[in-house]
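Shown next: input_16.txt, containing compact mmCIF, C-alpha atoms.
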# COMPACT_ATOMS: atom_id res chain seq x y z
CA MET T 1 -34.43 18.45 -60.66
CA LYS T 2 -36.81 20.76 -58.87
CA GLN T 3 -35.59 23.04 -56.11
CA GLY T 4 -36.91 20.76 -53.38
CA GLU T 5 -35.17 17.76 -54.94
CA TRP T 6 -31.87 19.66 -55.08
CA ALA T 7 -32.28 20.55 -51.42
CA ALA T 8 -32.78 16.89 -50.52
CA GLU T 9 -29.78 15.88 -52.63
CA CYS T 10 -27.56 18.48 -50.96
CA ALA T 11 -28.72 17.37 -47.52
CA ALA T 12 -27.74 13.75 -48.28
CA VAL T 13 -24.34 14.85 -49.62
CA ASN T 14 -23.74 16.95 -46.51
CA ASP T 15 -24.59 13.99 -44.27
CA LEU T 16 -21.91 11.92 -46.02
CA ALA T 17 -19.41 14.79 -45.86
CA GLU T 18 -20.01 15.28 -42.14
CA PHE T 19 -18.99 11.69 -41.52
CA CYS T 20 -16.20 11.25 -44.06
CA GLY T 21 -14.46 14.60 -43.53
CA ALA T 22 -13.44 14.13 -39.91
CA ARG T 23 -11.74 16.89 -37.94
CA ASP T 24 -10.70 15.93 -34.43
CA VAL T 25 -9.94 19.52 -33.42
CA PRO T 26 -11.91 22.65 -34.39
CA GLU T 27 -8.75 24.33 -35.69
CA LEU T 28 -5.20 23.20 -36.25
CA THR T 29 -3.37 25.17 -33.56
CA PRO T 30 -1.20 24.33 -30.54
CA ASP T 31 -3.98 25.54 -28.22
CA ALA T 32 -6.52 23.23 -29.84
CA LEU T 33 -4.14 20.27 -29.64
CA GLU T 34 -3.40 20.96 -26.00
CA ALA T 35 -7.10 21.21 -25.13
CA ARG T 36 -7.89 17.87 -26.77
CA TYR T 37 -4.70 15.82 -26.34
CA GLY T 38 -2.60 17.50 -23.65
CA PHE T 39 0.30 18.37 -25.95
CA ARG T 40 0.93 21.43 -28.10
CA ARG T 41 2.88 19.79 -30.90
CA ALA T 42 2.36 16.47 -32.63
CA ASP T 43 5.46 14.53 -33.63
CA THR T 44 4.53 14.61 -37.32
CA MET T 45 2.04 16.19 -39.69
CA ALA T 46 1.41 14.64 -43.11
CA LEU T 47 -0.53 16.10 -46.02
CA PHE T 48 -1.76 13.43 -48.42
CA GLY T 49 -1.81 13.77 -52.17
CA GLY T 50 -5.45 12.81 -52.64
CA SER T 51 -6.44 16.21 -51.32
CA ILE T 52 -7.54 19.14 -53.43
CA LEU T 53 -5.03 21.95 -53.76
CA ALA T 54 -6.44 23.78 -50.72
CA GLY T 55 -4.58 21.22 -48.63
CA VAL T 56 -1.38 23.17 -49.26
CA ASP T 57 -2.83 26.19 -47.46
CA VAL T 58 -3.80 23.99 -44.50
CA LEU T 59 -0.26 22.62 -44.31
CA ALA T 60 1.27 26.09 -44.58
CA ALA T 61 -0.92 27.46 -41.80
CA ALA T 62 -0.05 24.50 -39.59
CA MET T 63 3.66 24.96 -40.22
CA ARG T 64 3.47 28.62 -39.31
CA ALA T 65 1.49 27.80 -36.17
CA GLY T 66 4.02 25.14 -35.16
CA VAL T 67 1.60 22.25 -34.64
CA ALA T 68 4.18 19.52 -35.33
CA LYS T 69 7.88 18.79 -34.96
CA ARG T 70 8.22 17.76 -38.61
CA TYR T 71 6.08 18.00 -41.72
CA GLY T 72 5.76 15.76 -44.72
CA ILE T 73 3.79 15.33 -47.93
CA VAL T 74 2.75 11.86 -49.04
CA GLY T 75 1.67 10.76 -52.50
CA GLY T 76 2.90 9.18 -55.72
CA GLU T 77 0.36 8.64 -58.49
CA GLY T 78 -3.25 7.63 -57.92
CA HIS T 79 -6.76 8.26 -59.15
CA THR T 80 -6.68 12.00 -58.31
CA THR T 81 -3.18 12.80 -59.63
CA GLN T 82 -3.94 13.97 -63.14
CA ALA T 83 -6.56 16.41 -61.89
CA LEU T 84 -3.96 17.82 -59.50
CA ARG T 85 -1.36 18.10 -62.28
CA ASP T 86 -3.83 19.96 -64.46
CA ARG T 87 -4.69 22.35 -61.65
CA VAL T 88 -1.07 23.08 -60.77
CA HIS T 89 -0.10 23.57 -64.41
CA GLY T 90 -2.97 26.03 -64.77
CA LEU T 91 -1.56 28.05 -61.88
CA TYR T 92 2.09 27.73 -62.97
CA PRO T 93 2.35 27.22 -66.75
CA ASP T 94 6.15 27.30 -66.50
CA LEU T 95 6.18 24.17 -64.33
CA ASP T 96 6.57 20.89 -66.20
CA VAL T 97 4.15 18.66 -64.29
CA ARG T 98 4.38 15.64 -66.59
CA GLY T 99 4.94 12.54 -64.50
CA MET T 100 5.33 14.58 -61.33
CA PRO T 101 4.12 12.72 -58.20
CA GLU T 102 1.55 14.31 -55.93
CA ALA T 103 3.98 14.98 -53.08
CA ARG T 104 6.28 16.98 -55.35
CA LEU T 105 3.36 18.87 -56.91
CA PHE T 106 2.19 19.97 -53.48
CA ALA T 107 5.74 20.80 -52.43
CA GLU T 108 6.16 23.07 -55.46
CA VAL T 109 2.96 24.95 -54.63
CA LEU T 110 3.93 25.17 -50.96
CA LYS T 111 7.26 26.76 -51.90
CA ARG T 112 5.87 29.11 -54.56
CA CYS T 113 2.81 30.27 -52.63
CA HIS T 114 4.12 30.23 -49.08
CA GLY T 115 7.91 30.09 -49.25
CA LEU T 116 7.91 26.91 -47.15
CA GLU T 117 9.41 23.44 -47.61
CA PRO T 118 8.42 20.16 -45.94
CA ASP T 119 10.88 18.03 -44.01
CA PHE T 120 10.23 14.96 -46.14
CA LEU T 121 8.38 13.69 -49.21
CA GLU T 122 7.02 10.20 -49.89
CA GLU T 123 6.55 9.67 -53.66
CA LYS T 124 5.85 5.94 -54.14
CA SER T 125 2.34 5.44 -52.79
CA THR T 126 -0.65 4.96 -55.07
CA ASN T 127 -3.66 4.63 -52.76
CA CYS T 128 -4.93 5.31 -49.25
CA GLY T 129 -3.64 1.98 -47.98
CA ASN T 130 -0.04 2.40 -48.99
CA ASN T 131 -0.13 6.14 -48.27
CA ILE T 132 -0.05 4.96 -44.66
CA THR T 133 2.36 2.04 -44.97
CA TYR T 134 4.91 4.04 -46.96
CA LEU T 135 4.58 7.00 -44.58
CA LEU T 136 5.31 4.70 -41.64
CA GLU T 137 8.34 3.34 -43.50
CA VAL T 138 9.70 6.85 -44.01
CA LEU T 139 9.18 7.67 -40.34
CA ARG T 140 10.83 4.46 -39.15
CA GLU T 141 13.82 5.04 -41.42
CA SER T 142 14.24 8.57 -40.04
CA GLY T 143 14.73 7.15 -36.55
CA ALA T 144 12.74 10.00 -35.01
CA PRO T 145 10.09 8.97 -32.47
CA CYS T 146 6.51 9.24 -33.66
CA ARG T 147 3.76 8.91 -31.10
CA SER T 148 1.29 11.28 -32.76
CA ILE T 149 0.49 12.21 -36.37
CA VAL T 150 -1.76 14.90 -37.78
CA LEU T 151 -3.34 13.39 -40.90
CA ALA T 152 -4.54 15.97 -43.44
CA GLN T 153 -6.39 14.36 -46.34
CA ASP T 154 -9.17 15.29 -48.73
CA ALA T 155 -12.48 15.59 -46.88
CA THR T 156 -13.90 12.66 -48.81
CA MET T 157 -11.17 10.24 -47.69
CA GLN T 158 -10.16 11.50 -44.24
CA ARG T 159 -12.09 8.92 -42.22
CA ARG T 160 -10.53 6.03 -44.13
CA MET T 161 -7.03 7.46 -43.82
CA ALA T 162 -7.31 7.49 -40.02
CA ALA T 163 -8.68 3.94 -40.05
CA GLY T 164 -5.65 2.84 -42.07
CA LEU T 165 -3.28 4.28 -39.49
CA ALA T 166 -5.32 2.68 -36.70
CA LEU T 167 -4.74 -0.73 -38.34
CA HIS T 168 -1.03 -0.40 -39.09
CA ALA T 169 0.09 1.66 -36.10
CA PRO T 170 -2.54 1.48 -33.36
CA GLU T 171 -0.04 2.80 -30.84
CA VAL T 172 0.20 6.15 -32.68
CA ALA T 173 -2.32 8.88 -31.87
CA ALA T 174 -4.03 9.86 -35.14
CA ILE T 175 -5.31 13.43 -35.30
CA SER T 176 -7.65 13.85 -38.25
CA PHE T 177 -7.95 17.24 -39.90
CA ALA T 178 -9.72 17.13 -43.26
CA THR T 179 -8.25 19.75 -45.58
CA TYR T 180 -11.59 21.47 -46.18
CA ARG T 181 -15.19 21.59 -45.09
CA VAL T 182 -17.90 22.66 -47.49
CA CYS T 183 -21.67 22.76 -47.47
CA ALA T 184 -23.42 21.59 -50.62
CA VAL T 185 -26.18 24.05 -51.60
CA PRO T 186 -28.69 24.23 -54.46
CA ARG T 187 -27.75 26.78 -57.12
CA GLY T 188 -30.48 26.93 -59.69
CA ASP T 189 -30.45 23.58 -61.46
CA ALA T 190 -27.08 22.54 -60.06
CA MET T 191 -25.19 21.88 -56.84
CA GLY T 192 -22.75 24.44 -55.49
CA PHE T 193 -20.52 24.70 -52.44
CA VAL T 194 -20.04 27.19 -49.64
CA PRO T 195 -17.21 27.98 -49.28
CA GLU T 196 -15.51 26.86 -52.50
CA PRO T 197 -11.87 26.05 -51.67
CA GLU T 198 -9.02 26.12 -54.18
CA GLY T 199 -9.22 23.13 -56.50
CA MET T 200 -12.65 22.00 -55.30
CA TRP T 201 -14.03 18.99 -57.15
CA ASP T 202 -16.93 19.48 -59.52
CA ALA T 203 -20.17 18.35 -57.94
CA ALA T 204 -20.40 14.99 -59.74
CA ARG T 205 -16.85 14.02 -58.78
CA TYR T 206 -17.30 15.12 -55.17
CA VAL T 207 -20.49 13.09 -54.81
CA SER T 208 -18.88 10.07 -56.44
CA LEU T 209 -15.88 10.24 -54.09
CA LEU T 210 -18.10 10.53 -51.02
CA MET T 211 -20.34 7.68 -52.11
CA GLY T 212 -17.33 5.48 -52.80
CA GLU T 213 -16.25 5.71 -49.18
CA ILE T 214 -19.29 4.06 -47.62
CA PRO T 215 -18.87 0.59 -49.20
CA ARG T 216 -15.18 0.75 -48.24
CA LEU T 217 -15.78 1.87 -44.65
CA ARG T 218 -18.75 -0.41 -43.97
CA ASP T 219 -17.29 -3.39 -42.11
CA ASP T 220 -18.88 -6.26 -44.01
CA ALA T 221 -17.67 -8.91 -46.44
CA ASP T 222 -17.28 -6.38 -49.24
CA GLY T 223 -15.74 -3.58 -47.19
CA TYR T 224 -12.17 -2.75 -46.26
CA GLY T 225 -12.54 -3.51 -42.54
CA PRO T 226 -11.62 -6.66 -40.55
CA ARG T 227 -14.74 -8.53 -41.75
CA GLY T 228 -13.82 -7.85 -45.36
CA LYS T 229 -10.52 -7.14 -47.07
CA GLY T 230 -8.68 -6.18 -43.87
CA PHE T 231 -7.18 -2.96 -45.23
CA ILE T 232 -8.36 -0.72 -42.36
CA ALA T 233 -9.41 -0.96 -38.73
CA HIS T 234 -13.09 -1.31 -37.88
CA VAL T 235 -15.19 1.82 -38.45
CA ASP T 236 -18.71 2.37 -37.15
CA VAL T 237 -20.68 4.03 -39.94
CA PRO T 238 -23.58 6.01 -38.45
CA GLU T 239 -27.13 5.44 -39.62
CA ALA T 240 -27.36 8.97 -41.05
CA ALA T 241 -24.43 8.31 -43.38
CA LEU T 242 -25.75 4.89 -44.40
CA ALA T 243 -29.19 6.31 -45.13
CA ALA T 244 -27.70 9.19 -47.13
CA TYR T 245 -25.62 6.77 -49.17
CA GLU T 246 -28.57 4.48 -49.95
CA TRP T 247 -30.72 7.48 -50.92
CA LEU T 248 -28.05 8.81 -53.29
CA LYS T 249 -27.33 5.36 -54.68
CA ALA T 250 -31.02 4.88 -55.57
CA ARG T 251 -31.01 8.20 -57.42
CA HIS T 252 -27.58 7.75 -59.03
CA PRO T 253 -27.00 3.99 -59.33
CA GLY T 254 -23.71 4.31 -61.23
CA ALA T 255 -22.16 7.14 -59.24
CA THR T 256 -20.32 5.23 -56.50
CA ARG T 257 -16.57 5.39 -57.17
CA THR T 258 -15.14 1.92 -57.53
CA ALA T 259 -11.51 0.91 -57.01
CA ASP T 260 -9.16 1.49 -59.94
CA ALA T 261 -6.94 -1.55 -60.46
CA ARG T 262 -4.18 0.63 -61.92
CA TYR T 263 -3.44 1.96 -58.44
CA ALA T 264 -3.70 -1.23 -56.41
CA THR T 265 -0.60 -2.17 -54.44
CA ARG T 266 1.56 -4.57 -56.46
CA ASP T 267 3.61 -5.85 -53.53
CA ALA T 268 1.59 -8.67 -51.96
CA ALA T 269 3.24 -7.99 -48.61
CA ARG T 270 1.61 -4.56 -48.47
CA GLN T 271 -1.97 -3.55 -47.97
CA PRO T 272 -3.73 -2.16 -51.06
CA GLY T 273 -6.95 -0.32 -50.31
CA GLU T 274 -7.52 2.01 -53.24

Take the structure in this file and express it as structure tokens.
Amino acid sequence: MKQGEWAAECAAVNDLAEFCGARDVPELTPDALEARYGFRRADTMALFGGSILAGVDVLAAAMRAGVAKRYGIVGGEGHTTQALRDRVHGLYPDLDVRGMPEARLFAEVLKRCHGLEPDFLEEKSTNCGNNITYLLEVLRESGAPCRSIVLAQDATMQRRMAAGLALHAPEVAAISFATYRVCAVPRGDAMGFVPEPEGMWDAARYVSLLMGEIPRLRDDADGYGPRGKGFIAHVDVPEAALAAYEWLKARHPGATRTADARYATRDAARQPGE
């Protein structure tokens, strides 16, 4: 592609990222929570396994700042797990990551890098839908009240994660804080990112993940909302995000990430939503 074409591509990607990677507060601090919600500590904060490894640093900073009363990591095995295992093994060759669920992988990095441990792990979930339902199960079983949850997920999937909680626990205040924010920029004949957080996806994977969210979030017969599969609450997708998706889809017709049946929920009583 020519330089101008790369610039247009990056602009479309950034429009999708702006929508998908929601952050409800400018920083994850007690002051920011108080300014927006009137409380300084949420009842729970959960980091989700679909995130890149930089999510561990976000969780550690939040724990040190005291933004929640308890902290958990959620994630079994899904479509991003092997990439996470490979990344963690590269950092810690002594760690046997074979078969290790996402929650435990993140917990190992949290302990080794930051000397911190979460209050709970959820290791059964396989997709965004049951990330939420299993998390809610863990919280109910703990008996501790939960009126507010900080959700920290990969920037590509943050919007959908909050919509899942809105469906299954509409009484709980969901505070979205995507684990990173990047700006796609042209770098010669490729796409780069500023900044480039730890474990950042390669450009093709990042674009595919972002594109895959729009058909899921769009509340129509094929989407995950009430008019479709019913996996998430209704989401209004802004025109800028829709236009960016259609532009990218026309240029890369096979790039949209489709659901992987290996990670669909097997229990018919639960919501899937991979």

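For the set T:Gly4, T:Arg140, T:Val150, T:Glu9, the residue with the smallest atom-to-atom gap to T:Met191 is T:Glu9, counting only C-alpha atoms.
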
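Counting only C-alpha atoms, the residue from T:Arg159, T:Trp247, T:Ala221, T:Leu116 that sits nearest to T:Glu18 is T:Arg159.
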
Problem - Neighbour list for T:Phe19 as a VMD selection string, cut-off 9 Å, only C-alpha atoms, skip fewer than 2 positions in-chain - result: chain T and resid 14 to 17 21 to 22 156 159 237 to 238 240 to 241

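Restricting the calculation to all atoms listed in the file, the smallest distance between T:Ala32 and any of T:Val13, T:Leu217, T:Val58, T:Ile175 is found for T:Ile175.
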
Practice task
Pick out the residues sitting within 6 Å of T:Leu167, and hand them over as a list in words; count all atoms listed in the file, and ignore anything fewer than 3 positions along from it in its own chain.
Solution key: Gly164, Pro170, Ile232 and Ala233 of chain T

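Proximity of T:Met45, T:Glu171, T:Met211, T:Gly228 to T:His252, computed with all atoms listed in the file, is greatest for T:Met211.
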
Completion exercise
Pairwise distance, atom CA of T:Asp189 with atom CA of T:Glu213, equals 25.9 Å

Would you list the residues near (7.8, 2.1, -48.9), meaning any protein, DNA or RNA residue with an atom at most 10 Å from that point in file coordinates, counting only C-alpha atoms, as an mmCIF file with C-alpha atoms, in the coordinates of the input?
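Result file follows (result_20.cif):
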data_model
loop_
_atom_site.group_PDB
_atom_site.id
_atom_site.type_symbol
_atom_site.label_atom_id
_atom_site.label_comp_id
_atom_site.auth_asym_id
_atom_site.auth_seq_id
_atom_site.Cartn_x
_atom_site.Cartn_y
_atom_site.Cartn_z
ATOM 1 C CA GLU T 122 7.020 10.200 -49.890
ATOM 2 C CA GLU T 123 6.550 9.670 -53.660
ATOM 3 C CA LYS T 124 5.850 5.940 -54.140
ATOM 4 C CA SER T 125 2.340 5.440 -52.790
ATOM 5 C CA ASN T 130 -0.040 2.400 -48.990
ATOM 6 C CA ASN T 131 -0.130 6.140 -48.270
ATOM 7 C CA ILE T 132 -0.050 4.960 -44.660
ATOM 8 C CA THR T 133 2.360 2.040 -44.970
ATOM 9 C CA TYR T 134 4.910 4.040 -46.960
ATOM 10 C CA LEU T 135 4.580 7.000 -44.580
ATOM 11 C CA LEU T 136 5.310 4.700 -41.640
ATOM 12 C CA GLU T 137 8.340 3.340 -43.500
ATOM 13 C CA VAL T 138 9.700 6.850 -44.010
ATOM 14 C CA ARG T 270 1.610 -4.560 -48.470
#

Practice task
Compile the contact shell of T:Gln82 as a ChimeraX atom specification: residues with an atom at most 12 Å away, counting only C-alpha atoms, same-chain residues fewer than 6 positions apart removed.
Solution key: /T:49-50,52,76,88-89,97-102,105

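Relative to atom CA of T:Met161, atom CA of T:Pro30 is found at 22.2 Å.
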
Stretch 217-261 of chain T residues near stretch 204-208 of chain T within 8 Å, closest pair each, using all atoms listed in the file, as JSON lines:
{"residue": "T:Ala255", "atom": "CA", "partner": "T:Ser208", "partner_atom": "CA", "distance": 5.2}
{"residue": "T:Thr256", "atom": "CA", "partner": "T:Ser208", "partner_atom": "CA", "distance": 5.1}
{"residue": "T:Arg257", "atom": "CA", "partner": "T:Ser208", "partner_atom": "CA", "distance": 5.3}

Atoms kept (C-alpha atoms) for stretch 15-66 of chain T, as a CSV table (one decimal), in the first residue's frame:
chain,number,residue,atom,x,y,z
T,15,ASP,CA,-12.1,4.5,14.8
T,16,LEU,CA,-12.9,0.8,15.7
T,17,ALA,CA,-10.5,0.9,18.6
T,18,GLU,CA,-12.0,4.1,20.0
T,19,PHE,CA,-15.4,2.4,20.2
T,20,CYS,CA,-14.4,-1.1,21.2
T,21,GLY,CA,-11.8,-0.2,23.9
T,22,ALA,CA,-14.0,1.6,26.3
T,23,ARG,CA,-12.6,3.3,29.4
T,24,ASP,CA,-15.2,4.8,31.7
T,25,VAL,CA,-12.6,6.7,33.7
T,26,PRO,CA,-9.5,8.5,32.5
T,27,GLU,CA,-7.3,6.6,34.9
T,28,LEU,CA,-8.0,3.7,37.4
T,29,THR,CA,-7.6,5.5,40.7
T,30,PRO,CA,-9.8,6.2,43.7
T,31,ASP,CA,-10.0,9.9,42.8
T,32,ALA,CA,-11.2,9.1,39.3
T,33,LEU,CA,-13.8,6.6,40.6
T,34,GLU,CA,-15.1,9.1,43.1
T,35,ALA,CA,-15.4,11.9,40.5
T,36,ARG,CA,-17.4,9.6,38.2
T,37,TYR,CA,-19.4,7.3,40.5
T,38,GLY,CA,-19.3,8.9,44.0
T,39,PHE,CA,-17.3,6.0,45.6
T,40,ARG,CA,-13.5,5.5,45.9
T,41,ARG,CA,-13.5,1.7,45.8
T,42,ALA,CA,-15.4,-0.7,43.6
T,43,ASP,CA,-16.6,-4.0,45.2
T,44,THR,CA,-14.6,-6.1,42.7
T,45,MET,CA,-12.1,-5.7,39.9
T,46,ALA,CA,-11.7,-8.5,37.4
T,47,LEU,CA,-9.0,-8.9,34.8
T,48,PHE,CA,-10.0,-11.1,31.9
T,49,GLY,CA,-7.8,-13.6,30.2
T,50,GLY,CA,-8.5,-12.4,26.6
T,51,SER,CA,-6.2,-9.5,27.3
T,52,ILE,CA,-2.7,-9.1,26.2
T,53,LEU,CA,0.0,-9.4,28.9
T,54,ALA,CA,-0.1,-5.7,29.6
T,55,GLY,CA,-3.3,-6.3,31.5
T,56,VAL,CA,-1.2,-7.7,34.4
T,57,ASP,CA,0.4,-4.3,34.8
T,58,VAL,CA,-3.0,-2.6,34.8
T,59,LEU,CA,-4.2,-5.0,37.5
T,60,ALA,CA,-1.1,-4.5,39.6
T,61,ALA,CA,-1.4,-0.7,39.5
T,62,ALA,CA,-5.0,-0.9,40.5
T,63,MET,CA,-4.3,-3.1,43.4
T,64,ARG,CA,-1.6,-0.8,44.6
T,65,ALA,CA,-3.9,2.2,44.2
T,66,GLY,CA,-6.7,0.4,46.1
